[in-house]
$ cat input00.cif   # mmCIF, C-alpha atoms
data_data
loop_
_atom_site.label_atom_id
_atom_site.label_comp_id
_atom_site.auth_asym_id
_atom_site.auth_seq_id
_atom_site.Cartn_x
_atom_site.Cartn_y
_atom_site.Cartn_z
CA MET A 1 -39.09 -67.06 -32.39
CA THR A 2 -38.65 -66.33 -28.73
CA SER A 3 -41.46 -64.87 -26.64
CA GLN A 4 -42.38 -64.24 -23.04
CA SER A 5 -45.53 -63.46 -21.12
CA GLN A 6 -46.38 -59.89 -20.28
CA GLU A 7 -46.36 -60.54 -16.53
CA GLN A 8 -43.26 -62.66 -16.03
CA ILE A 9 -40.78 -64.90 -17.77
CA ASN A 10 -42.25 -68.28 -18.67
CA TYR A 11 -39.31 -70.51 -17.79
CA THR A 12 -41.06 -73.64 -19.01
CA PHE A 13 -41.20 -72.26 -22.54
CA LYS A 14 -37.71 -70.82 -22.29
CA MET A 15 -36.55 -74.36 -21.56
CA LEU A 16 -38.66 -75.65 -24.44
CA TYR A 17 -36.93 -73.19 -26.81
CA ILE A 18 -33.53 -74.45 -25.66
CA ILE A 19 -34.52 -78.08 -26.20
CA ALA A 20 -36.03 -77.31 -29.61
CA ILE A 21 -33.03 -75.39 -30.94
CA PHE A 22 -30.65 -78.04 -29.58
CA MET A 23 -32.63 -80.66 -31.53
CA VAL A 24 -32.37 -78.55 -34.70
CA ILE A 25 -28.59 -78.22 -34.42
CA ASP A 26 -28.00 -81.80 -33.30
CA GLY A 27 -30.41 -83.12 -35.93
CA HIS A 28 -28.68 -81.26 -38.75
CA ILE A 29 -25.39 -82.85 -37.76
CA GLY A 30 -27.29 -86.10 -38.02
CA ARG A 31 -25.02 -88.55 -36.25
CA ILE A 32 -26.12 -89.10 -32.65
CA ASP A 33 -29.40 -87.22 -31.98
CA TYR A 34 -28.90 -87.14 -28.24
CA LEU A 35 -32.53 -86.45 -27.32
CA ASN A 36 -34.40 -88.82 -29.63
CA LEU A 37 -34.48 -91.50 -26.92
CA HIS A 38 -33.07 -94.20 -29.21
CA GLY A 39 -35.51 -93.34 -31.99
CA PHE A 40 -38.56 -93.22 -29.73
CA PHE A 41 -39.07 -89.51 -30.51
CA SER A 42 -37.34 -88.77 -33.83
CA TYR A 43 -36.47 -85.07 -34.10
CA GLN A 44 -37.71 -84.70 -37.64
CA ASN A 45 -41.27 -85.53 -36.64
CA PHE A 46 -41.71 -82.57 -34.32
CA HIS A 47 -38.69 -80.34 -33.55
CA ILE A 48 -39.78 -77.46 -35.81
CA SER A 49 -43.36 -77.87 -34.61
CA LEU A 50 -42.16 -77.08 -31.09
CA PHE A 51 -41.61 -73.52 -32.30
CA THR A 52 -45.07 -73.20 -33.85
CA PHE A 53 -46.58 -74.69 -30.69
CA ALA A 54 -44.87 -71.96 -28.66
CA SER A 55 -45.95 -69.35 -31.22
CA GLY A 56 -49.57 -70.43 -30.80
CA TYR A 57 -49.22 -70.32 -27.03
CA PHE A 58 -47.96 -66.74 -27.08
CA LEU A 59 -50.37 -65.46 -29.75
CA ASN A 60 -51.39 -61.99 -28.54
CA LEU A 61 -54.85 -60.93 -29.71
CA LYS A 62 -54.63 -57.47 -28.14
CA TYR A 63 -53.02 -55.86 -31.18
CA SER A 64 -54.94 -54.32 -34.05
CA HIS A 65 -54.66 -56.18 -37.36
CA ILE A 66 -52.35 -53.53 -38.82
CA ASP A 67 -50.07 -53.43 -35.77
CA PHE A 68 -49.89 -57.23 -35.61
CA ILE A 69 -48.97 -57.59 -39.28
CA LYS A 70 -46.44 -54.77 -39.04
CA ARG A 71 -44.88 -56.31 -35.96
CA LYS A 72 -44.53 -59.76 -37.51
CA PHE A 73 -43.26 -58.33 -40.80
CA LEU A 74 -40.57 -56.34 -38.98
CA HIS A 75 -39.48 -59.24 -36.81
CA LEU A 76 -39.64 -62.09 -39.34
CA ILE A 77 -39.73 -61.03 -42.97
CA ILE A 78 -37.34 -58.07 -42.99
CA PRO A 79 -34.58 -60.04 -41.18
CA LEU A 80 -35.28 -62.98 -43.49
CA TYR A 81 -34.66 -60.90 -46.61
CA ALA A 82 -31.73 -59.00 -45.12
CA TRP A 83 -29.92 -62.24 -44.31
CA ASN A 84 -30.96 -63.78 -47.61
CA LEU A 85 -29.10 -60.97 -49.37
CA ILE A 86 -26.04 -61.35 -47.13
CA TYR A 87 -25.89 -65.12 -47.58
CA GLY A 88 -26.53 -64.71 -51.29
CA LEU A 89 -23.45 -62.50 -51.51
CA ILE A 90 -21.41 -64.94 -49.39
CA SER A 91 -22.52 -67.87 -51.56
CA HIS A 92 -21.74 -65.94 -54.74
CA TYR A 93 -18.26 -65.00 -53.52
CA LEU A 94 -17.37 -68.51 -52.37
CA ASN A 95 -18.71 -70.13 -55.54
CA THR A 96 -17.08 -67.62 -57.87
CA TYR A 97 -13.70 -67.07 -56.25
CA GLN A 98 -13.07 -69.90 -53.77
CA GLY A 99 -14.08 -73.00 -55.74
CA PHE A 100 -17.25 -73.78 -53.78
CA SER A 101 -20.38 -75.20 -55.37
CA LEU A 102 -23.02 -74.55 -52.72
CA GLY A 103 -26.18 -72.55 -53.26
CA SER A 104 -28.05 -71.21 -56.25
CA PRO A 105 -27.03 -68.25 -58.44
CA LEU A 106 -27.35 -64.72 -57.09
CA ASN A 107 -30.32 -63.37 -59.04
CA LEU A 108 -33.65 -61.64 -58.47
CA TYR A 109 -35.56 -64.93 -58.27
CA ASN A 110 -33.39 -66.30 -55.46
CA LEU A 111 -33.23 -62.96 -53.67
CA PHE A 112 -36.95 -62.21 -53.62
CA TYR A 113 -39.16 -65.13 -54.68
CA ALA A 114 -37.27 -68.24 -53.59
CA PRO A 115 -37.55 -67.42 -49.85
CA LEU A 116 -41.32 -67.66 -50.28
CA VAL A 117 -41.47 -71.04 -52.03
CA ASP A 118 -38.11 -72.64 -51.27
CA GLY A 119 -35.87 -71.23 -48.52
CA HIS A 120 -32.86 -73.38 -49.41
CA GLN A 121 -31.63 -71.17 -52.25
CA PHE A 122 -28.32 -70.07 -50.68
CA ILE A 123 -27.85 -73.18 -48.51
CA TYR A 124 -26.14 -71.46 -45.56
CA ASN A 125 -29.45 -69.93 -44.44
CA MET A 126 -31.67 -72.82 -45.50
CA ALA A 127 -33.17 -73.23 -42.02
CA SER A 128 -35.02 -69.98 -42.73
CA TRP A 129 -37.49 -71.85 -45.00
CA PHE A 130 -39.64 -72.04 -41.87
CA LEU A 131 -40.14 -68.27 -41.51
CA PHE A 132 -42.63 -67.56 -44.29
CA PRO A 133 -44.99 -70.40 -43.23
CA LEU A 134 -44.71 -69.16 -39.63
CA PHE A 135 -45.47 -65.60 -40.71
CA PHE A 136 -48.60 -66.58 -42.65
CA ILE A 137 -49.78 -68.97 -39.93
CA GLN A 138 -49.58 -66.16 -37.40
CA ILE A 139 -51.48 -63.75 -39.66
CA ILE A 140 -54.16 -66.30 -40.57
CA CYS A 141 -54.68 -67.49 -37.01
CA PHE A 142 -54.66 -63.98 -35.59
CA THR A 143 -57.37 -63.00 -38.08
CA LEU A 144 -59.49 -66.05 -37.29
CA LEU A 145 -59.06 -65.83 -33.53
CA LYS A 146 -59.15 -62.05 -33.06
CA PRO A 147 -62.91 -62.11 -32.22
CA LEU A 148 -61.96 -64.09 -29.08
CA ASP A 149 -60.06 -61.09 -27.70
CA ASN A 150 -63.10 -59.87 -25.77
CA ALA A 151 -64.89 -63.23 -25.48
CA ASN A 152 -65.63 -64.88 -22.16
CA THR A 153 -63.55 -67.77 -20.89
CA SER A 154 -66.10 -70.44 -21.81
CA THR A 155 -66.37 -69.22 -25.40
CA THR A 156 -62.59 -69.07 -25.76
CA LYS A 157 -62.21 -72.65 -24.50
CA ILE A 158 -64.80 -74.00 -26.93
CA ALA A 159 -63.42 -71.98 -29.85
CA SER A 160 -59.81 -73.01 -29.17
CA LEU A 161 -60.80 -76.67 -29.03
CA ALA A 162 -62.84 -76.35 -32.24
CA PHE A 163 -59.93 -74.55 -33.91
CA PHE A 164 -57.53 -77.35 -32.97
CA ILE A 165 -59.89 -80.09 -34.22
CA LEU A 166 -60.60 -78.25 -37.47
CA SER A 167 -56.93 -77.46 -38.22
CA THR A 168 -55.80 -81.02 -37.44
CA THR A 169 -58.58 -82.56 -39.53
CA THR A 170 -57.76 -80.24 -42.42
CA ALA A 171 -54.07 -81.09 -42.21
CA CYS A 172 -54.77 -84.84 -42.19
CA ILE A 173 -56.79 -84.40 -45.39
CA ILE A 174 -54.30 -82.11 -47.14
CA LEU A 175 -51.02 -83.84 -46.27
CA PRO A 176 -51.53 -86.88 -48.53
CA ILE A 177 -52.17 -84.43 -51.38
CA ALA A 178 -48.96 -82.59 -50.52
CA GLN A 179 -46.93 -85.68 -51.43
CA GLU A 180 -48.17 -85.35 -55.00
CA ASN A 181 -46.41 -81.99 -55.21
CA HIS A 182 -43.10 -83.91 -54.92
CA GLY A 183 -41.46 -81.02 -53.10
CA SER A 184 -41.80 -78.71 -56.12
CA LYS A 185 -40.76 -75.17 -55.29
CA ASN A 186 -43.99 -73.31 -55.92
CA ILE A 187 -46.84 -71.57 -54.10
CA SER A 188 -48.46 -74.94 -53.50
CA LEU A 189 -45.53 -75.92 -51.30
CA LEU A 190 -45.98 -72.75 -49.24
CA PHE A 191 -49.67 -73.59 -48.84
CA TYR A 192 -48.87 -77.15 -47.75
CA ARG A 193 -46.27 -75.95 -45.28
CA ILE A 194 -48.79 -73.57 -43.72
CA ILE A 195 -51.40 -76.31 -43.41
CA TYR A 196 -48.79 -78.69 -42.01
CA PHE A 197 -47.96 -76.41 -39.07
CA LEU A 198 -51.53 -75.39 -38.19
CA PRO A 199 -52.17 -78.30 -35.76
CA SER A 200 -49.11 -77.53 -33.63
CA PHE A 201 -49.92 -73.80 -33.63
CA SER A 202 -53.54 -74.43 -32.67
CA LEU A 203 -52.39 -76.88 -29.97
CA GLY A 204 -50.31 -74.08 -28.45
CA PHE A 205 -53.32 -71.77 -28.42
CA LEU A 206 -55.53 -74.54 -27.00
CA TYR A 207 -52.98 -75.33 -24.30
CA LYS A 208 -52.76 -71.68 -23.23
CA HIS A 209 -56.51 -71.08 -23.07
CA PHE A 210 -57.81 -74.45 -21.96
CA LEU A 211 -55.41 -77.31 -21.24
CA GLU A 212 -52.78 -75.55 -19.14
CA LYS A 213 -55.11 -75.05 -16.17
CA HIS A 214 -55.81 -78.78 -16.14
CA ASP A 215 -52.22 -79.89 -16.71
CA LYS A 216 -51.75 -81.12 -13.14
CA LEU A 217 -51.24 -84.86 -13.51
CA PRO A 218 -48.27 -86.20 -11.57
CA SER A 219 -45.35 -86.64 -13.94
CA CYS A 220 -45.21 -90.41 -13.42
CA ILE A 221 -48.81 -90.77 -14.62
CA TYR A 222 -48.38 -88.14 -17.33
CA PHE A 223 -45.32 -89.80 -18.82
CA THR A 224 -46.88 -93.25 -18.53
CA ILE A 225 -49.83 -92.13 -20.64
CA ILE A 226 -47.66 -90.36 -23.24
CA LEU A 227 -45.16 -93.20 -23.53
CA THR A 228 -47.86 -95.86 -23.69
CA LEU A 229 -49.61 -94.06 -26.53
CA GLN A 230 -46.33 -93.47 -28.35
CA THR A 231 -45.30 -97.11 -27.88
CA THR A 232 -48.60 -98.17 -29.43
CA LEU A 233 -48.01 -95.86 -32.39
CA ASN A 234 -44.47 -97.16 -32.80
CA TYR A 235 -45.78 -100.71 -32.80
CA PHE A 236 -48.26 -100.13 -35.60
CA TYR A 237 -46.11 -97.59 -37.48
CA PRO A 238 -42.46 -98.36 -36.71
CA ASN A 239 -39.78 -95.80 -37.60
CA THR A 240 -42.36 -93.14 -38.45
CA LEU A 241 -40.67 -90.37 -40.41
CA HIS A 242 -41.49 -87.50 -42.76
CA THR A 243 -39.86 -84.40 -44.26
CA PRO A 244 -41.41 -81.18 -42.89
CA SER A 245 -39.58 -78.89 -45.32
CA TRP A 246 -40.67 -80.53 -48.58
CA LEU A 247 -43.63 -82.64 -47.39
CA ASP A 248 -42.87 -85.16 -50.14
CA TYR A 249 -42.19 -88.18 -47.94
CA PHE A 250 -44.38 -89.85 -45.32
CA ASN A 251 -43.99 -93.47 -44.29
CA ALA A 252 -47.16 -93.46 -42.18
CA PRO A 253 -50.70 -92.04 -42.47
CA ALA A 254 -51.10 -88.34 -41.69
CA GLU A 255 -53.07 -89.23 -38.56
CA ALA A 256 -50.12 -91.22 -37.20
CA ILE A 257 -47.69 -88.45 -38.15
CA TYR A 258 -49.68 -85.86 -36.23
CA ALA A 259 -50.34 -88.14 -33.27
CA THR A 260 -46.59 -88.72 -32.95
CA SER A 261 -45.85 -85.02 -33.34
CA LEU A 262 -48.42 -83.90 -30.77
CA LEU A 263 -47.41 -86.58 -28.25
CA SER A 264 -43.77 -85.52 -28.67
CA ILE A 265 -44.66 -81.88 -28.05
CA LEU A 266 -46.56 -82.76 -24.90
CA PHE A 267 -43.72 -85.02 -23.72
CA TRP A 268 -41.06 -82.33 -24.10
CA LEU A 269 -43.36 -79.68 -22.66
CA ARG A 270 -43.52 -81.62 -19.40
CA VAL A 271 -39.76 -82.23 -19.50
CA SER A 272 -39.31 -78.48 -19.95
CA LYS A 273 -41.56 -77.80 -16.98
CA ILE A 274 -39.51 -80.16 -14.81
CA LEU A 275 -36.19 -78.68 -15.97
CA SER A 276 -37.30 -75.03 -15.92
CA PRO A 277 -35.84 -74.26 -12.46
CA ILE A 278 -32.30 -74.82 -13.76
CA ILE A 279 -32.52 -71.82 -16.09
CA THR A 280 -33.91 -69.42 -13.50
CA ASN A 281 -31.29 -66.67 -13.22
CA ASN A 282 -29.04 -68.72 -15.53
CA THR A 283 -27.86 -65.98 -17.89
CA PRO A 284 -26.14 -68.17 -20.54
CA LEU A 285 -29.13 -70.51 -20.93
CA LEU A 286 -31.60 -67.63 -21.00
CA TYR A 287 -29.47 -65.93 -23.62
CA ILE A 288 -29.70 -69.05 -25.79
CA ALA A 289 -33.48 -69.23 -25.23
CA ASN A 290 -33.85 -65.57 -26.21
CA ASN A 291 -31.85 -65.97 -29.42
CA THR A 292 -33.26 -69.02 -31.13
CA PHE A 293 -34.05 -66.97 -34.25
CA THR A 294 -30.36 -66.10 -34.58
CA ILE A 295 -29.24 -69.67 -33.95
CA MET A 296 -31.76 -71.03 -36.45
CA MET A 297 -30.70 -68.55 -39.12
CA HIS A 298 -26.93 -68.97 -38.79
CA HIS A 299 -26.10 -72.45 -37.53
CA PHE A 300 -25.06 -73.79 -40.94
CA ILE A 301 -22.43 -71.07 -41.29
CA GLY A 302 -21.32 -72.09 -37.79
CA PHE A 303 -20.97 -75.68 -38.99
CA MET A 304 -18.90 -74.46 -41.97
CA PHE A 305 -16.56 -72.60 -39.62
CA VAL A 306 -16.01 -75.76 -37.54
CA LYS A 307 -15.37 -77.78 -40.71
CA TYR A 308 -12.80 -75.20 -41.75
CA LEU A 309 -11.08 -75.60 -38.37
CA PHE A 310 -10.89 -79.33 -39.07
CA SER A 311 -9.56 -78.85 -42.61
CA ASN A 312 -5.97 -79.73 -41.71
CA THR A 313 -6.86 -82.93 -39.89
CA GLN A 314 -6.41 -86.42 -41.30
CA ASN A 315 -8.81 -87.61 -44.03
CA PHE A 316 -10.54 -84.24 -44.38
CA SER A 317 -12.17 -83.97 -47.82
CA THR A 318 -11.78 -80.48 -49.25
CA TYR A 319 -13.92 -81.46 -52.23
CA SER A 320 -16.82 -82.57 -50.02
CA PHE A 321 -16.42 -79.49 -47.83
CA LYS A 322 -16.86 -77.23 -50.86
CA ASN A 323 -19.58 -79.23 -52.61
CA ASN A 324 -21.74 -80.93 -49.97
CA ILE A 325 -23.29 -78.96 -47.10
CA TRP A 326 -24.10 -82.26 -45.36
CA TYR A 327 -20.48 -83.34 -45.21
CA TYR A 328 -19.21 -83.44 -41.63
CA HIS A 329 -15.68 -84.41 -40.69
CA PHE A 330 -15.08 -86.27 -37.42
CA PRO A 331 -11.35 -86.21 -36.67
CA ILE A 332 -11.91 -87.81 -33.26
CA SER A 333 -14.83 -89.76 -31.79
CA GLU A 334 -18.29 -88.87 -33.09
CA ASN A 335 -19.47 -88.04 -29.60
CA ILE A 336 -16.71 -85.56 -28.81
CA THR A 337 -16.68 -84.06 -32.30
CA THR A 338 -20.45 -83.58 -32.31
CA TRP A 339 -20.19 -81.57 -29.10
CA ILE A 340 -17.43 -79.49 -30.68
CA TYR A 341 -19.75 -78.75 -33.62
CA ILE A 342 -22.62 -77.86 -31.29
CA THR A 343 -20.58 -75.71 -28.89
CA ILE A 344 -18.63 -73.70 -31.46
CA THR A 345 -21.73 -73.26 -33.64
CA LEU A 346 -23.64 -71.83 -30.68
CA VAL A 347 -20.81 -69.40 -29.97
CA ILE A 348 -20.55 -68.30 -33.62
CA THR A 349 -24.31 -67.82 -34.06
CA LEU A 350 -24.68 -65.88 -30.82
CA LEU A 351 -21.73 -63.66 -31.75
CA ILE A 352 -23.39 -62.94 -35.10
CA GLY A 353 -26.63 -62.12 -33.31
CA PHE A 354 -24.92 -59.91 -30.73
CA THR A 355 -23.04 -57.97 -33.41
CA THR A 356 -26.16 -57.61 -35.54
CA LYS A 357 -28.16 -56.22 -32.63
CA LYS A 358 -25.45 -53.68 -31.86
CA ILE A 359 -25.32 -52.52 -35.48
CA TYR A 360 -29.12 -52.46 -35.70
CA GLY A 361 -29.31 -50.49 -32.46
CA ILE A 362 -26.91 -47.87 -33.84
CA ILE A 363 -28.89 -47.58 -37.09
CA THR A 364 -32.31 -47.36 -35.44
CA ASN A 365 -31.10 -44.87 -32.84
CA ILE A 366 -29.81 -42.68 -35.64
CA ASN A 367 -33.20 -42.95 -37.31
CA GLY A 368 -35.00 -42.18 -34.06
CA GLY A 369 -36.46 -45.58 -33.22
CA ASN A 370 -35.76 -49.16 -32.30
CA TYR A 371 -38.10 -51.88 -33.59
CA TYR A 372 -36.08 -54.88 -32.47
CA GLU A 373 -38.26 -57.37 -30.61
CA LYS A 374 -36.58 -58.54 -27.45
#

$ encode --input "input00.cif" --output "structure tokens"
Amino acid sequence: MTSQSQEQINYTFKMLYIIAIFMVIDGHIGRIDYLNLHGFFSYQNFHISLFTFASGYFLNLKYSHIDFIKRKFLHLIIPLYAWNLIYGLISHYLNTYQGFSLGSPLNLYNLFYAPLVDGHQFIYNMASWFLFPLFFIQIICFTLLKPLDNANTSTTKIASLAFFILSTTTACIILPIAQENHGSKNISLLFYRIIYFLPSFSLGFLYKHFLEKHDKLPSCIYFTIILTLQTTLNYFYPNTLHTPSWLDYFNAPAEAIYATSLLSILFWLRVSKILSPIITNNTPLLYIANNTFTIMMHHFIGFMFVKYLFSNTQNFSTYSFKNNIWYYHFPISENITTWIYITITLVITLLIGFTTKKIYGIITNINGGNYYEK
């Protein structure tokens, strides 16, 4: 999920990755949501779309079709299936021998087909549901936009704007239909997920090739415009919320959902630009920004580790721990405990990623190559 420009590190987007992955972790704990500004920008409406926005921004049209597909397959789909197998084995062991009841059975369907149409099959890696839609969005958009590789600047601007308008219009038409699928785990859900993320991806591409050069408004004016528009939306559609993973619940029209999502992306993009100097030469923060894939994939197992550490504290429910992935124990104040969850989970996920890279490096060096995308 992480990317950088060919010329230099884009610290604004590195900061955006950090904010996005923090929202994912904090949102899955679901108690405080530190960055939702008292419900003004609810995580669920846009935090995953921040990643597709960045993916659209960094879309590289210089590759051939075969090289692009191979690259994305190696960096998204192979790790997805490798970890699906590992978490399937972990889930099977815990359910069979340790009294847990989390995750679906270890079978061919859940190993190979469920990641395509579900993603939640083994629970501990359920955040990976996002990877197949991202993969197909990248392939589809690369194919559609590849002719712009050698186009002049004016043509690219017009095409990127048209692409954004078309993808957003299509999504606004399709999303109400998606509700009728009721979150059923089938190819239709994959299709709806792809359509759902197209506007944020196309916004990233549009921003890179058109809007970024004009993004020079003073922050006071910029934020005034964004917050005024969002306040207006909140007035007409209070507590706007939807479920990006299943697309079976929307409490506002699709147009309002996307307006909120796109305004949120633009808001946090400017915040990231303002905060970007703090991560320059900041090795720990850059390491987090460069490992959002790892954090996304493993943060639920990090949560489980923290829960296990709390298992001997007062009022801990062993039954809930083994049967409900959304059970969180707070032995002290919610604020302090939430930060314990976040901090230890980051450490655990980054250790998993570091170890995995070392093992992968040994294997690929033995085989004469290293395909890991840094």

$ resolve_selection --input "input00.cif" --expression "the PyMOL selection byres ((chain A and resi 121) around 10)" --output "count of residues only"
25

$ residues_around --input "input00.cif" --residues "stretch 313-321 of chain A" --least-positions-apart "2" --cutoff "12 Å" --atoms "only C-alpha atoms" --output "PDB file with C-alpha atoms, in the coordinates of the input"
ATOM      1  CA  LEU A  94     -17.370 -68.510 -52.370  1.00  0.00           C
ATOM      2  CA  GLN A  98     -13.070 -69.900 -53.770  1.00  0.00           C
ATOM      3  CA  GLY A  99     -14.080 -73.000 -55.740  1.00  0.00           C
ATOM      4  CA  PHE A 100     -17.250 -73.780 -53.780  1.00  0.00           C
ATOM      5  CA  SER A 101     -20.380 -75.200 -55.370  1.00  0.00           C
ATOM      6  CA  LEU A 102     -23.020 -74.550 -52.720  1.00  0.00           C
ATOM      7  CA  PHE A 303     -20.970 -75.680 -38.990  1.00  0.00           C
ATOM      8  CA  MET A 304     -18.900 -74.460 -41.970  1.00  0.00           C
ATOM      9  CA  PHE A 305     -16.560 -72.600 -39.620  1.00  0.00           C
ATOM     10  CA  VAL A 306     -16.010 -75.760 -37.540  1.00  0.00           C
ATOM     11  CA  LYS A 307     -15.370 -77.780 -40.710  1.00  0.00           C
ATOM     12  CA  TYR A 308     -12.800 -75.200 -41.750  1.00  0.00           C
ATOM     13  CA  LEU A 309     -11.080 -75.600 -38.370  1.00  0.00           C
ATOM     14  CA  PHE A 310     -10.890 -79.330 -39.070  1.00  0.00           C
ATOM     15  CA  SER A 311      -9.560 -78.850 -42.610  1.00  0.00           C
ATOM     16  CA  ASN A 323     -19.580 -79.230 -52.610  1.00  0.00           C
ATOM     17  CA  ASN A 324     -21.740 -80.930 -49.970  1.00  0.00           C
ATOM     18  CA  ILE A 325     -23.290 -78.960 -47.100  1.00  0.00           C
ATOM     19  CA  TRP A 326     -24.100 -82.260 -45.360  1.00  0.00           C
ATOM     20  CA  TYR A 327     -20.480 -83.340 -45.210  1.00  0.00           C
ATOM     21  CA  TYR A 328     -19.210 -83.440 -41.630  1.00  0.00           C
ATOM     22  CA  HIS A 329     -15.680 -84.410 -40.690  1.00  0.00           C
ATOM     23  CA  PHE A 330     -15.080 -86.270 -37.420  1.00  0.00           C
ATOM     24  CA  PRO A 331     -11.350 -86.210 -36.670  1.00  0.00           C
ATOM     25  CA  ILE A 332     -11.910 -87.810 -33.260  1.00  0.00           C
TER      26      ILE A 332
END

$ residues_around --input "input00.cif" --residues "stretch 236-243 of chain A" --least-positions-apart "4" --cutoff "8 Å" --atoms "only C-alpha atoms" --output "number ranges by chain"
A: 39, 42, 44-45, 232, 247-252, 256-257

$ atom_distance --input "input00.cif" --atom1 "atom CA of A:Ala127" --atom2 "atom CA of A:Leu263"
23.9 Å

$ axis_aligned_box --input "input00.cif" --around "stretch 207-224 of chain A" --padding-each-side "3 Å" --output "lines of an AutoDock Vina configuration file"
center_x = -51.5
center_y = -82.2
center_z = -17.9
size_x = 18.6
size_y = 28.2
size_z = 18.7

$ residues_around --input "input00.cif" --residues "A:Phe210" --least-positions-apart "3" --cutoff "12 Å" --atoms "all atoms listed in the file" --output "PyMOL selection string"
chain A and resi 57+153-162+164+202-207+213-215

$ write_last_selection --input "input00.cif" --atoms "C-alpha atoms" --output "mmCIF file, in the coordinates of the input"
data_model
loop_
_atom_site.group_PDB
_atom_site.id
_atom_site.type_symbol
_atom_site.label_atom_id
_atom_site.label_comp_id
_atom_site.auth_asym_id
_atom_site.auth_seq_id
_atom_site.Cartn_x
_atom_site.Cartn_y
_atom_site.Cartn_z
ATOM 1 C CA TYR A 57 -49.220 -70.320 -27.030
ATOM 2 C CA THR A 153 -63.550 -67.770 -20.890
ATOM 3 C CA SER A 154 -66.100 -70.440 -21.810
ATOM 4 C CA THR A 155 -66.370 -69.220 -25.400
ATOM 5 C CA THR A 156 -62.590 -69.070 -25.760
ATOM 6 C CA LYS A 157 -62.210 -72.650 -24.500
ATOM 7 C CA ILE A 158 -64.800 -74.000 -26.930
ATOM 8 C CA ALA A 159 -63.420 -71.980 -29.850
ATOM 9 C CA SER A 160 -59.810 -73.010 -29.170
ATOM 10 C CA LEU A 161 -60.800 -76.670 -29.030
ATOM 11 C CA ALA A 162 -62.840 -76.350 -32.240
ATOM 12 C CA PHE A 164 -57.530 -77.350 -32.970
ATOM 13 C CA SER A 202 -53.540 -74.430 -32.670
ATOM 14 C CA LEU A 203 -52.390 -76.880 -29.970
ATOM 15 C CA GLY A 204 -50.310 -74.080 -28.450
ATOM 16 C CA PHE A 205 -53.320 -71.770 -28.420
ATOM 17 C CA LEU A 206 -55.530 -74.540 -27.000
ATOM 18 C CA TYR A 207 -52.980 -75.330 -24.300
ATOM 19 C CA LYS A 213 -55.110 -75.050 -16.170
ATOM 20 C CA HIS A 214 -55.810 -78.780 -16.140
ATOM 21 C CA ASP A 215 -52.220 -79.890 -16.710
#

$ residues_near_point --input "input00.cif" --point "(-24.1, -88.5, -32.6)" --cutoff "10 Å" --atoms "all atoms listed in the file" --output "PyMOL selection string"
chain A and resi 26-27+29-34+333-339

$ closest_residue --input "input00.cif" --among "A:Met296, A:Ile362, A:Ile265, A:Leu16" --to "A:His28" --atoms "only C-alpha atoms"
A:Met296

$ atom_distance --input "input00.cif" --atom1 "atom CA of A:Ile359" --atom2 "atom CA of A:Arg71"
19.9 Å

$ residues_around --input "input00.cif" --residues "A:Phe68" --least-positions-apart "3" --cutoff "12 Å" --atoms "only C-alpha atoms" --output "PyMOL selection string"
chain A and resi 59-65+71-76+135-136+138-143+146

$ residues_around --input "input00.cif" --residues "A:Ile18" --least-positions-apart "6" --cutoff "9 Å" --atoms "only C-alpha atoms" --output "VMD selection string"
chain A and resid 285 to 286 288 to 290 292

$ write_last_selection --input "input00.cif" --atoms "C-alpha atoms" --output "PDB file, keeping the file's coordinate frame"
ATOM      1  CA  LEU A 285     -29.130 -70.510 -20.930  1.00  0.00           C
ATOM      2  CA  LEU A 286     -31.600 -67.630 -21.000  1.00  0.00           C
ATOM      3  CA  ILE A 288     -29.700 -69.050 -25.790  1.00  0.00           C
ATOM      4  CA  ALA A 289     -33.480 -69.230 -25.230  1.00  0.00           C
ATOM      5  CA  ASN A 290     -33.850 -65.570 -26.210  1.00  0.00           C
ATOM      6  CA  THR A 292     -33.260 -69.020 -31.130  1.00  0.00           C
TER       7      THR A 292
END

$ closest_residue --input "input00.cif" --among "A:Leu227, A:Leu269, A:Leu145, A:Ala254" --to "A:Leu50" --atoms "only C-alpha atoms"
A:Leu269
